[in-house]
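Chemist: Just so it is clear, I am handing over my_file18.tsv, which has TSV, C-alpha atoms.
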chain	number	residue	atom	x	y	z
W	169	MET	CA	-21.67	14.77	-35.73
W	170	SER	CA	-23.57	15.61	-32.57
W	171	GLN	CA	-22.56	18.59	-30.44
W	172	LYS	CA	-24.17	16.96	-27.43
W	173	PRO	CA	-22.20	14.33	-25.47
W	174	TYR	CA	-23.21	10.79	-26.26
W	175	LYS	CA	-24.81	8.80	-23.46
W	176	ARG	CA	-22.67	5.67	-23.24
W	177	LYS	CA	-23.99	2.22	-22.50
W	178	PRO	CA	-22.03	-0.46	-20.61
W	179	GLY	CA	-19.25	-1.79	-22.81
W	180	GLU	CA	-18.97	1.31	-24.97
W	181	LEU	CA	-15.95	3.58	-25.04
W	182	GLU	CA	-15.79	7.25	-25.89
W	183	ILE	CA	-13.40	9.59	-27.66
W	184	ARG	CA	-14.46	13.22	-27.62
W	185	ILE	CA	-12.77	15.76	-29.88
W	186	ARG	CA	-13.05	19.40	-28.87
W	187	PRO	CA	-13.31	22.20	-31.43
W	188	ASP	CA	-9.72	23.20	-30.63
W	189	GLY	CA	-8.54	19.70	-31.54
W	190	ARG	CA	-7.92	18.38	-28.06
W	191	VAL	CA	-8.90	14.75	-27.64
W	192	TYR	CA	-10.52	13.34	-24.52
W	193	MET	CA	-10.91	9.66	-23.75
W	194	ALA	CA	-12.79	8.36	-20.75
W	195	ALA	CA	-11.72	5.23	-18.84
W	196	VAL	CA	-9.90	3.73	-21.79
W	197	ASP	CA	-8.99	0.14	-22.52
W	198	ASP	CA	-5.89	-1.28	-24.19
W	199	ALA	CA	-7.23	-0.70	-27.71
W	200	MET	CA	-7.88	2.96	-26.98
W	201	LEU	CA	-4.45	3.28	-25.41
W	202	ASP	CA	-3.11	2.02	-28.75
W	203	VAL	CA	-5.08	4.79	-30.47
W	204	TRP	CA	-3.55	7.33	-28.09
W	205	ALA	CA	-0.08	5.93	-28.82
W	206	ALA	CA	-0.67	6.23	-32.56
W	207	LEU	CA	-1.91	9.82	-32.24
W	208	ASP	CA	0.96	10.96	-30.06
W	209	PRO	CA	3.93	8.64	-30.70
W	210	GLU	CA	6.60	10.97	-29.32
W	211	ASN	CA	4.83	11.58	-26.02
W	212	PRO	CA	7.24	10.48	-23.23
W	213	LEU	CA	4.49	8.37	-21.68
W	214	VAL	CA	3.87	6.64	-24.99
W	215	ILE	CA	7.58	5.89	-25.25
W	216	LYS	CA	7.57	4.57	-21.69
W	217	ARG	CA	4.60	2.37	-22.51
W	218	ARG	CA	6.27	1.06	-25.66
W	219	GLU	CA	9.40	0.20	-23.70
W	220	ALA	CA	7.43	-1.56	-20.97
W	221	LYS	CA	5.48	-3.59	-23.50
W	222	SER	CA	8.70	-4.70	-25.11
W	223	GLY	CA	9.93	-6.28	-21.89
W	224	GLY	CA	10.42	-3.83	-19.03
W	225	LYS	CA	11.10	-5.17	-15.57
W	226	PRO	CA	8.70	-4.62	-12.67
W	227	ARG	CA	9.67	-1.91	-10.24
W	228	ASP	CA	8.27	-1.00	-6.88
W	229	ALA	CA	6.35	2.23	-6.52
W	230	GLN	CA	8.33	4.83	-4.62
W	231	VAL	CA	5.87	6.79	-2.60
W	232	GLY	CA	7.31	8.48	0.44
W	233	SER	CA	5.22	9.56	3.36
Y	1296	MET	CA	7.05	3.39	1.17
Y	1297	LYS	CA	5.60	2.67	4.61
Y	1298	THR	CA	6.13	-0.94	5.67
Y	1299	LEU	CA	2.88	-2.82	5.81
Y	1300	THR	CA	2.14	-6.06	7.52
Y	1301	CYS	CA	-1.11	-7.87	6.94
Y	1302	PRO	CA	-0.86	-11.46	8.07
Y	1303	ASP	CA	-4.60	-11.82	8.66
Y	1304	ILE	CA	-6.10	-10.96	5.31
Y	1305	GLU	CA	-8.21	-14.12	5.22
Y	1306	ARG	CA	-9.70	-13.35	8.62
Y	1307	ARG	CA	-10.44	-9.85	7.40
Y	1308	SER	CA	-12.26	-11.15	4.35
Y	1309	GLU	CA	-14.46	-13.23	6.67
Y	1310	GLU	CA	-15.16	-10.17	8.76
Y	1311	ALA	CA	-15.98	-8.21	5.60
Y	1312	ARG	CA	-18.43	-10.95	4.68
Y	1313	ARG	CA	-20.12	-10.66	8.07
Y	1314	ILE	CA	-20.45	-6.92	7.55
Y	1315	LEU	CA	-22.06	-7.56	4.15
Y	1316	GLN	CA	-24.79	-9.60	5.84
Y	1317	SER	CA	-26.20	-6.33	7.12
Y	1318	CYS	CA	-24.16	-4.05	4.97
Y	1319	ARG	CA	-22.44	-1.12	6.60
Y	1320	LEU	CA	-19.33	-0.87	4.45
Y	1321	CYS	CA	-20.20	2.72	3.67
Y	1322	PRO	CA	-21.98	5.52	5.54
Y	1323	ARG	CA	-25.25	4.74	3.81
Y	1324	ALA	CA	-25.45	1.64	6.02
Y	1325	CYS	CA	-28.20	0.10	3.88
Y	1326	GLY	CA	-28.39	-2.94	6.13
Y	1327	VAL	CA	-29.20	-5.33	3.28
Y	1328	ASP	CA	-27.82	-8.86	3.20
Y	1329	ARG	CA	-25.58	-8.73	0.16
Y	1330	THR	CA	-24.44	-12.31	0.75
Y	1331	ALA	CA	-28.05	-13.36	0.09
Y	1332	GLY	CA	-28.18	-11.47	-3.18
Y	1333	GLU	CA	-29.78	-8.32	-1.81
Y	1334	LYS	CA	-28.62	-4.99	-3.20
Y	1335	GLY	CA	-28.41	-1.66	-1.48
Y	1336	PHE	CA	-27.49	1.78	-2.80
Y	1337	CYS	CA	-24.33	0.57	-4.57
Y	1338	GLY	CA	-26.35	-2.00	-6.51
Y	1339	VAL	CA	-23.97	-4.93	-6.08
Y	1340	THR	CA	-24.12	-8.16	-4.09
Y	1341	ASP	CA	-21.12	-10.02	-2.67
Y	1342	ALA	CA	-20.02	-10.90	-6.22
Y	1343	ILE	CA	-17.22	-8.79	-7.64
Y	1344	ARG	CA	-17.39	-7.62	-11.25
Y	1345	CYS	CA	-14.55	-6.06	-13.22
Y	1346	PHE	CA	-15.64	-4.23	-16.37
Y	1347	ARG	CA	-12.23	-3.10	-17.64
Y	1348	GLU	CA	-8.56	-3.59	-16.90
Y	1349	ALA	CA	-5.50	-2.05	-18.51
Y	1350	VAL	CA	-2.08	-0.66	-17.69
Y	1351	TYR	CA	-2.33	3.13	-17.54
Y	1352	TYR	CA	0.25	5.84	-17.89
Y	1353	HIS	CA	-1.90	8.81	-16.95
Y	1354	GLU	CA	-1.87	8.27	-13.22
Y	1355	GLU	CA	0.51	10.20	-10.97
Y	1356	SER	CA	4.10	9.69	-12.11
Y	1357	GLU	CA	5.17	7.76	-9.04
Y	1358	LEU	CA	2.46	5.16	-9.65
Y	1359	ILE	CA	2.95	4.39	-13.33
Y	1360	PRO	CA	2.83	2.03	-15.09
Y	1361	SER	CA	-0.28	1.26	-13.06
Y	1362	HIS	CA	-2.52	-1.74	-13.59
Y	1363	LEU	CA	-6.08	-0.46	-13.22
Y	1364	LEU	CA	-8.97	-2.74	-12.37
Y	1365	PHE	CA	-12.33	-1.04	-12.84
Y	1366	LEU	CA	-15.00	-2.55	-10.61
Y	1367	THR	CA	-18.73	-2.01	-10.78
Y	1368	GLY	CA	-20.72	-0.63	-7.88
Y	1369	CYS	CA	-20.54	2.79	-6.30
Y	1370	ASN	CA	-21.94	4.48	-3.23
Y	1371	LEU	CA	-21.96	7.96	-4.78
Y	1372	ARG	CA	-23.85	9.30	-7.79
Y	1373	CYS	CA	-21.39	11.78	-9.21
Y	1374	GLU	CA	-23.05	13.42	-12.17
Y	1375	PHE	CA	-19.70	13.75	-13.91
Y	1376	CYS	CA	-18.54	10.17	-13.35
Y	1377	PRO	CA	-16.50	9.01	-16.38
Y	1378	VAL	CA	-17.97	5.50	-16.05
Y	1379	VAL	CA	-21.50	6.44	-15.05
Y	1380	GLU	CA	-22.99	3.78	-17.32
Y	1381	TRP	CA	-21.48	1.07	-15.11
Y	1382	ASN	CA	-22.82	2.66	-11.95
Y	1383	GLU	CA	-26.28	2.64	-13.47
Y	1384	SER	CA	-25.97	-1.00	-14.57
Y	1385	PRO	CA	-23.37	-2.58	-12.28
Y	1386	ASN	CA	-24.47	-6.12	-12.94
Y	1387	GLU	CA	-23.95	-5.95	-16.71
Y	1388	ALA	CA	-20.33	-6.98	-16.21
Y	1389	ASP	CA	-19.39	-10.63	-15.73
Y	1390	GLU	CA	-18.55	-11.90	-12.29
Y	1391	MET	CA	-14.81	-11.98	-11.79
Y	1392	ASP	CA	-12.99	-15.27	-12.23
Y	1393	MET	CA	-10.56	-14.85	-9.34
Y	1394	PRO	CA	-7.85	-17.36	-10.30
Y	1395	LEU	CA	-7.78	-15.92	-13.82
Y	1396	MET	CA	-7.64	-12.36	-12.54
Y	1397	ARG	CA	-4.78	-13.21	-10.18
Y	1398	GLU	CA	-2.86	-14.63	-13.14
Y	1399	ARG	CA	-3.61	-11.47	-15.08
Y	1400	ILE	CA	-2.40	-9.28	-12.21
Y	1401	LEU	CA	0.88	-11.15	-11.94
Y	1402	GLN	CA	1.28	-11.11	-15.72
Y	1403	ARG	CA	0.78	-7.33	-15.77
Y	1404	ARG	CA	3.34	-7.02	-13.00
Y	1405	ARG	CA	5.84	-9.08	-15.01
Y	1406	GLU	CA	5.16	-6.72	-17.92
Y	1407	GLY	CA	6.22	-3.75	-15.80
Y	1408	ALA	CA	3.19	-2.56	-13.82
Y	1409	ARG	CA	4.49	-1.00	-10.59
Y	1410	THR	CA	1.14	-0.75	-8.86
Y	1411	LEU	CA	-2.18	-2.56	-8.75
Y	1412	ASN	CA	-4.85	0.10	-8.78
Y	1413	PHE	CA	-8.40	-0.67	-7.67
Y	1414	LEU	CA	-11.07	1.76	-8.74
Y	1415	GLY	CA	-14.61	1.72	-9.90
Y	1416	GLY	CA	-17.12	2.66	-9.03
Y	1417	GLU	CA	-15.80	2.56	-5.54
Y	1418	PRO	CA	-13.50	-0.26	-4.44
Y	1419	SER	CA	-14.62	-0.21	-0.81
Y	1420	VAL	CA	-18.08	-1.50	-1.71
Y	1421	ASN	CA	-16.23	-4.53	-3.11
Y	1422	LEU	CA	-14.00	-4.93	-0.08
Y	1423	TYR	CA	-14.99	-8.52	0.62
Y	1424	GLY	CA	-14.22	-9.66	-2.92
Y	1425	LEU	CA	-11.01	-7.66	-3.12
Y	1426	LEU	CA	-9.67	-9.14	0.11
Y	1427	ARG	CA	-10.34	-12.60	-1.28
Y	1428	LEU	CA	-8.70	-11.67	-4.57
Y	1429	LEU	CA	-5.62	-10.33	-2.81
Y	1430	SER	CA	-5.23	-13.00	-0.16
Y	1431	PRO	CA	-2.78	-15.29	-2.04
Y	1432	ILE	CA	-0.91	-12.51	-3.86
Y	1433	ARG	CA	-0.84	-9.58	-1.45
Y	1434	ALA	CA	2.90	-9.78	-0.89
Y	1435	GLU	CA	3.61	-9.56	-4.61
Y	1436	VAL	CA	1.79	-6.33	-5.44
Y	1437	ASN	CA	1.68	-2.68	-4.39
Y	1438	VAL	CA	-1.96	-1.95	-3.73
Y	1439	VAL	CA	-3.38	1.44	-4.69
Y	1440	TRP	CA	-6.85	2.19	-3.30
Y	1441	ASN	CA	-8.21	4.65	-5.88
Y	1442	SER	CA	-11.21	5.72	-3.89
Y	1443	ASN	CA	-13.85	8.35	-3.33
Y	1444	MET	CA	-13.01	7.82	0.38
Y	1445	TYR	CA	-16.70	7.53	1.23
Y	1446	PHE	CA	-16.42	4.42	3.37
Y	1447	SER	CA	-17.32	3.49	6.92
Y	1448	GLU	CA	-15.05	3.14	9.92
Y	1449	ASP	CA	-15.65	-0.62	9.76
Y	1450	ALA	CA	-14.28	-0.66	6.22
Y	1451	ALA	CA	-11.34	1.51	7.25
Y	1452	ARG	CA	-10.42	-0.93	10.00
Y	1453	LEU	CA	-10.30	-3.78	7.48
Y	1454	LEU	CA	-8.22	-1.77	5.03
Y	1455	GLU	CA	-5.47	-0.90	7.47
Y	1456	GLY	CA	-2.33	-2.76	6.46
Y	1457	VAL	CA	-3.86	-4.00	3.20
Y	1458	VAL	CA	-3.46	-0.79	1.23
Y	1459	ASP	CA	-0.05	0.60	0.33
Y	1460	ILE	CA	-1.20	3.85	-1.22
Y	1461	TYR	CA	-4.50	5.70	-1.03
Y	1462	LEU	CA	-5.21	7.63	-4.19
Y	1463	ALA	CA	-7.92	9.58	-2.49
Y	1464	ASP	CA	-10.48	11.82	-4.10
Y	1465	PHE	CA	-11.47	15.05	-2.38
Y	1466	LYS	CA	-14.22	16.00	-4.79
Y	1467	CYS	CA	-16.25	18.76	-3.18
Y	1468	GLY	CA	-15.66	21.33	-0.48
Y	1469	GLY	CA	-19.08	21.62	1.13
Y	1470	ALA	CA	-22.34	19.86	1.84
Y	1471	GLY	CA	-24.31	21.79	-0.80
Y	1472	CYS	CA	-22.16	20.79	-3.77
Y	1473	ALA	CA	-21.67	17.30	-2.35
Y	1474	GLU	CA	-25.41	16.77	-2.23
Y	1475	GLU	CA	-26.06	18.27	-5.66
Y	1476	LEU	CA	-23.15	16.73	-7.54
Y	1477	LEU	CA	-22.47	13.48	-5.65
Y	1478	GLY	CA	-25.71	12.70	-3.88
Y	1479	ALA	CA	-24.19	12.68	-0.37
Y	1480	ASP	CA	-24.47	15.70	1.91
Y	1481	ASP	CA	-22.20	14.10	4.54
Y	1482	TYR	CA	-19.43	13.56	1.99
Y	1483	VAL	CA	-16.98	16.15	3.32
Y	1484	GLU	CA	-17.36	15.00	6.91
Y	1485	VAL	CA	-16.74	11.35	5.99
Y	1486	VAL	CA	-13.93	12.02	3.54
Y	1487	THR	CA	-11.95	14.28	5.82
Y	1488	ARG	CA	-12.15	11.64	8.56
Y	1489	ASN	CA	-10.91	9.01	6.11
Y	1490	LEU	CA	-8.15	11.21	4.72
Y	1491	LEU	CA	-6.74	11.51	8.23
Y	1492	PHE	CA	-7.00	7.73	8.63
Y	1493	ALA	CA	-5.27	7.15	5.29
Y	1494	HIS	CA	-2.50	9.56	6.13
Y	1495	ARG	CA	-1.95	7.79	9.44
Y	1496	THR	CA	-1.88	4.24	8.08
Y	1497	ALA	CA	-0.42	4.28	4.55
Y	1498	ASP	CA	0.93	6.55	1.85
Y	1499	LEU	CA	-1.52	9.12	0.62
Y	1500	ILE	CA	-2.04	11.08	-2.56
Y	1501	VAL	CA	-5.03	13.42	-2.43
Y	1502	ARG	CA	-6.64	14.01	-5.77
Y	1503	HIS	CA	-8.89	16.90	-6.67
Y	1504	VAL	CA	-10.43	17.08	-10.12
Y	1505	VAL	CA	-10.86	20.80	-10.65
Y	1506	LEU	CA	-14.50	21.44	-11.50
Y	1507	PRO	CA	-15.28	24.36	-13.82
Y	1508	GLY	CA	-16.91	27.17	-11.83
Y	1509	HIS	CA	-16.31	25.52	-8.45
Y	1510	ALA	CA	-13.18	27.34	-7.29
Y	1511	LYS	CA	-14.73	29.09	-4.30
Y	1512	CYS	CA	-17.12	26.40	-3.13
Y	1513	CYS	CA	-15.03	23.25	-3.73
Y	1514	LEU	CA	-11.38	23.90	-4.57
Y	1515	GLU	CA	-10.73	26.55	-1.92
Y	1516	PRO	CA	-12.26	24.70	1.07
Y	1517	ALA	CA	-10.51	21.47	0.04
Y	1518	LEU	CA	-7.13	23.18	-0.23
Y	1519	ARG	CA	-7.65	25.00	3.05
Y	1520	TRP	CA	-8.59	21.80	4.85
Y	1521	LEU	CA	-5.43	20.14	3.57
Y	1522	LYS	CA	-3.35	23.12	4.62
Y	1523	GLU	CA	-4.78	23.05	8.12
Y	1524	ASN	CA	-4.77	19.30	8.68
Y	1525	ILE	CA	-2.25	17.43	6.51
Y	1526	PRO	CA	-0.18	20.05	4.71
Y	1527	GLN	CA	2.55	17.55	3.90
Y	1528	ALA	CA	0.18	15.21	2.03
Y	1529	LYS	CA	0.78	14.90	-1.66
Y	1530	LEU	CA	-1.77	16.77	-3.71
Y	1531	SER	CA	-2.60	16.00	-7.32
Y	1532	LEU	CA	-4.77	18.55	-9.10
Y	1533	ARG	CA	-6.40	17.05	-12.17
Y	1534	CYS	CA	-7.70	18.86	-15.22
Y	1535	GLU	CA	-9.53	15.97	-16.89
Y	1536	TYR	CA	-13.08	17.00	-16.09
Y	1537	MET	CA	-15.31	15.76	-18.89
Y	1538	PRO	CA	-18.82	17.23	-19.13
Y	1539	PRO	CA	-21.41	14.49	-18.75
Y	1540	ALA	CA	-24.06	13.57	-21.26
Y	1541	GLU	CA	-26.79	14.17	-18.70
Y	1542	ALA	CA	-26.58	16.50	-15.73
Y	1543	ARG	CA	-28.83	18.52	-13.49
Y	1544	LYS	CA	-26.11	20.44	-11.69
Y	1545	ALA	CA	-22.70	19.37	-13.01
Y	1546	PRO	CA	-20.81	21.85	-15.20
Y	1547	LEU	CA	-21.50	21.40	-18.89
Y	1548	GLU	CA	-18.21	22.90	-20.07
Y	1549	PHE	CA	-14.63	21.67	-20.03
Y	1550	LEU	CA	-12.18	23.21	-17.62
Y	1551	GLY	CA	-10.33	26.19	-19.08
Y	1552	GLU	CA	-6.56	26.40	-18.96
Y	1553	ARG	CA	-6.71	29.67	-17.04
Y	1554	GLU	CA	-8.92	28.16	-14.37
Y	1555	PHE	CA	-6.65	25.16	-13.99
Y	1556	GLN	CA	-3.58	27.36	-13.72
Y	1557	ALA	CA	-5.33	29.46	-11.08
Y	1558	ALA	CA	-6.04	26.32	-9.07
Y	1559	PHE	CA	-2.44	25.25	-9.35
Y	1560	ASP	CA	-1.23	28.71	-8.32
Y	1561	ARG	CA	-3.56	28.76	-5.34
Y	1562	ALA	CA	-2.31	25.39	-4.09
Y	1563	GLY	CA	1.24	26.61	-4.54
Y	1564	ALA	CA	0.52	29.83	-2.65
Y	1565	LEU	CA	-0.79	27.77	0.26
Y	1566	GLY	CA	2.45	25.80	0.27
Y	1567	LEU	CA	0.79	22.49	-0.48
Y	1568	ASN	CA	2.81	19.52	-1.67
Y	1569	LEU	CA	1.81	19.43	-5.34
Y	1570	ILE	CA	2.75	16.46	-7.45
Y	1571	ARG	CA	2.03	15.49	-11.03
Any chance you could put this one into structure tokens?

Modeler:
Amino acid sequence: MSQKPYKRKPGELEIRIRPDGRVYMAAVDDAMLDVWAALDPENPLVIKRREAKSGGKPRDAQVGS
Amino acid sequence: MKTLTCPDIERRSEEARRILQSCRLCPRACGVDRTAGEKGFCGVTDAIRCFREAVYYHEESELIPSHLLFLTGCNLRCEFCPVVEWNESPNEADEMDMPLMRERILQRRREGARTLNFLGGEPSVNLYGLLRLLSPIRAEVNVVWNSNMYFSEDAARLLEGVVDIYLADFKCGGAGCAEELLGADDYVEVVTRNLLFAHRTADLIVRHVVLPGHAKCCLEPALRWLKENIPQAKLSLRCEYMPPAEARKAPLEFLGEREFQAAFDRAGALGLNLIR
């Protein structure tokens, strides 16, 4: 495994694993989001995503000025 | 959310097209005729190309789930860009099929996406195409302009009333770093002007990706400017800096937890409106 970051080409995706085990993903797509969900299934955001995919309703963003 | 009215989006798209004929959508003002297939600094014509789309959960909490549309073409050359390969080859992506993309946007909204989030690259270089894309569906989506904020006053005028929320980068604090890391020594001048515009015309979240080793030259001036000019603006400090594969000046290490905490503490000490 290379220690140097890989130079991506258009269409490629990247997962980088640091020596301390932290995982970085750049500009992910749906398939990589599935990987993230599998790696961290109890993450609140993963749970939120799972719920939305199973039929959540659209809500308006609430951004106050 | 601020109430927006934009009854003239079609007229605006025509005006954007006229601007493209001698392009001045961004401060580089290349003057090329993008409607005739010419390309300036951003490398794209009047065609709009989306290289990735997905619903994300890692944006600011008030935006998620957020449907992100990644567009090719950028007017900066950030060494640490997480999609640099698309800035180098912006025409590798297929031209967008607008009716299909509108269907996709509405489908994503039905699936729960609260916001439609345009990013790139830089969405403002695709303003003409995005206005056309939005024209029939504008009323049905909350538009997030996820931008480097390096756009011209002409572009700003066309954006007013179209954008609900600016998710606005404030990347560097001075001309030296802006030139070395982004390739634009007038970046701070342009971005601060556009942050004031965004604050005046829509909702605003200012984003600063904390760069390793750039606390004094980038973080501090950015925080101070916010404090002095728009202290109530929402500020999102981000820790996701990813060292690039190739760099002349960009940091080659990840951000440390201590450095990120120090940035967070500094923003808090200045009384800024931090969000996550």

Chemist: Residues proximal to (-6.6, 25.0, -18.7) were defined as those with any atom within 12 Å of that point in the file's coordinates, counting all atoms listed in the file. Which are they, as a list in words?

Modeler: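 Protein, DNA and RNA residues close to (-6.6, 25.0, -18.7): Arg190 of chain W; Val1505, Leu1506, Pro1507, Leu1532, Arg1533, Cys1534, Glu1535, Tyr1536, Glu1548, Phe1549, Leu1550, Gly1551, Glu1552, Arg1553, Glu1554, Phe1555, Gln1556, Ala1557, Ala1558 and Phe1559 of chain Y.
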
Chemist: Show me which bits of chain Y are within 8 Å of chain W, counting only C-alpha atoms, as an MDAnalysis selection string.

Modeler: chainID Y and resid 1296:1297 1346:1350 1352:1353 1357:1360 1377:1378 1380:1381 1384 1387 1404:1410 1437 1460 1497:1499 1528 1537:1541

Chemist: My list of candidates is Y:Asn1443, Y:Tyr1351, Y:Pro1516, Y:Leu1567. Which is closest to Met200 in chain W when distances are computed with only C-alpha atoms?

Modeler: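 That would be Y:Tyr1351, the residue with the smallest distance to Met200 in chain W.
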
Chemist: Could you please determine the separation between CA of Asn1382 in chain Y and CA of Arg1344 in chain Y in Å, to one decimal place?

Modeler: 11.6 Å

Chemist: Measuring atom to atom with all atoms listed in the file, identify which of Y:Leu1454, Y:Cys1373, Y:Leu1395, Y:Ala1542 is nearest to Val1420 in chain Y.

Modeler: Y:Leu1454

Chemist: Skip Thr1367 in chain Y itself and residues of its chain fewer than 4 positions away, then list as a PyMOL selection string all residues within 9 Å of it, counting all atoms listed in the file.

Modeler: chain Y and resi 1337-1339+1343-1346+1381-1382+1384-1388+1414-1418+1421

Chemist: Please provide as a PDB file with C-alpha atoms, in the coordinates of the input all residues within 6 Å of Val1438 in chain Y, with the sequence filter that same-chain residues fewer than 3 positions apart are discarded (counting all atoms listed in the file).

Modeler:
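So result18.pdb came out as:
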ATOM      1  CA  LEU Y1411      -2.180  -2.560  -8.750  1.00  0.00           C
ATOM      2  CA  VAL Y1458      -3.460  -0.790   1.230  1.00  0.00           C
ATOM      3  CA  ASP Y1459      -0.050   0.600   0.330  1.00  0.00           C
TER       4      ASP Y1459
END

Chemist: Nearest residue to Val1483 in chain Y out of Y:Glu1309, Y:Pro1322, Y:Leu1453, Y:Gln1402, using all atoms listed in the file?

Modeler: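 Looking at the shortest contact to Val1483 in chain Y, the residue is Y:Pro1322.
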
Chemist: Could you tell me how far CA of Glu1474 in chain Y sits from CA of Asn1524 in chain Y, in Å to one decimal place?

Modeler: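 Interatomic distance here is 23.5 Å.
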
Chemist: Between CA of Leu1428 in chain Y and CA of Glu1455 in chain Y, what is the distance, to one decimal in Å?

Modeler: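 Here the two named atoms are 16.5 Å from each other.
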
Chemist: Give me the residues near Cys1321 in chain Y as a VMD selection string, where near means some atom within 9 Å (using only C-alpha atoms) and where sequence neighbours in that chain fewer than 5 positions away do not count.

Modeler: chain Y and resid 1370 1419 to 1420 1445 to 1450

Chemist: Can you tell me, as JSON, the centre and edge lengths (Å, one decimal) of the axis-aligned box enclosing all of range 1498-1508 of chain Y's listed atoms after padding each side by 3 Å?

Modeler:
{"center_x": -8.0, "center_y": 16.9, "center_z": -6.0, "size_x": 23.8, "size_y": 26.6, "size_z": 21.7}
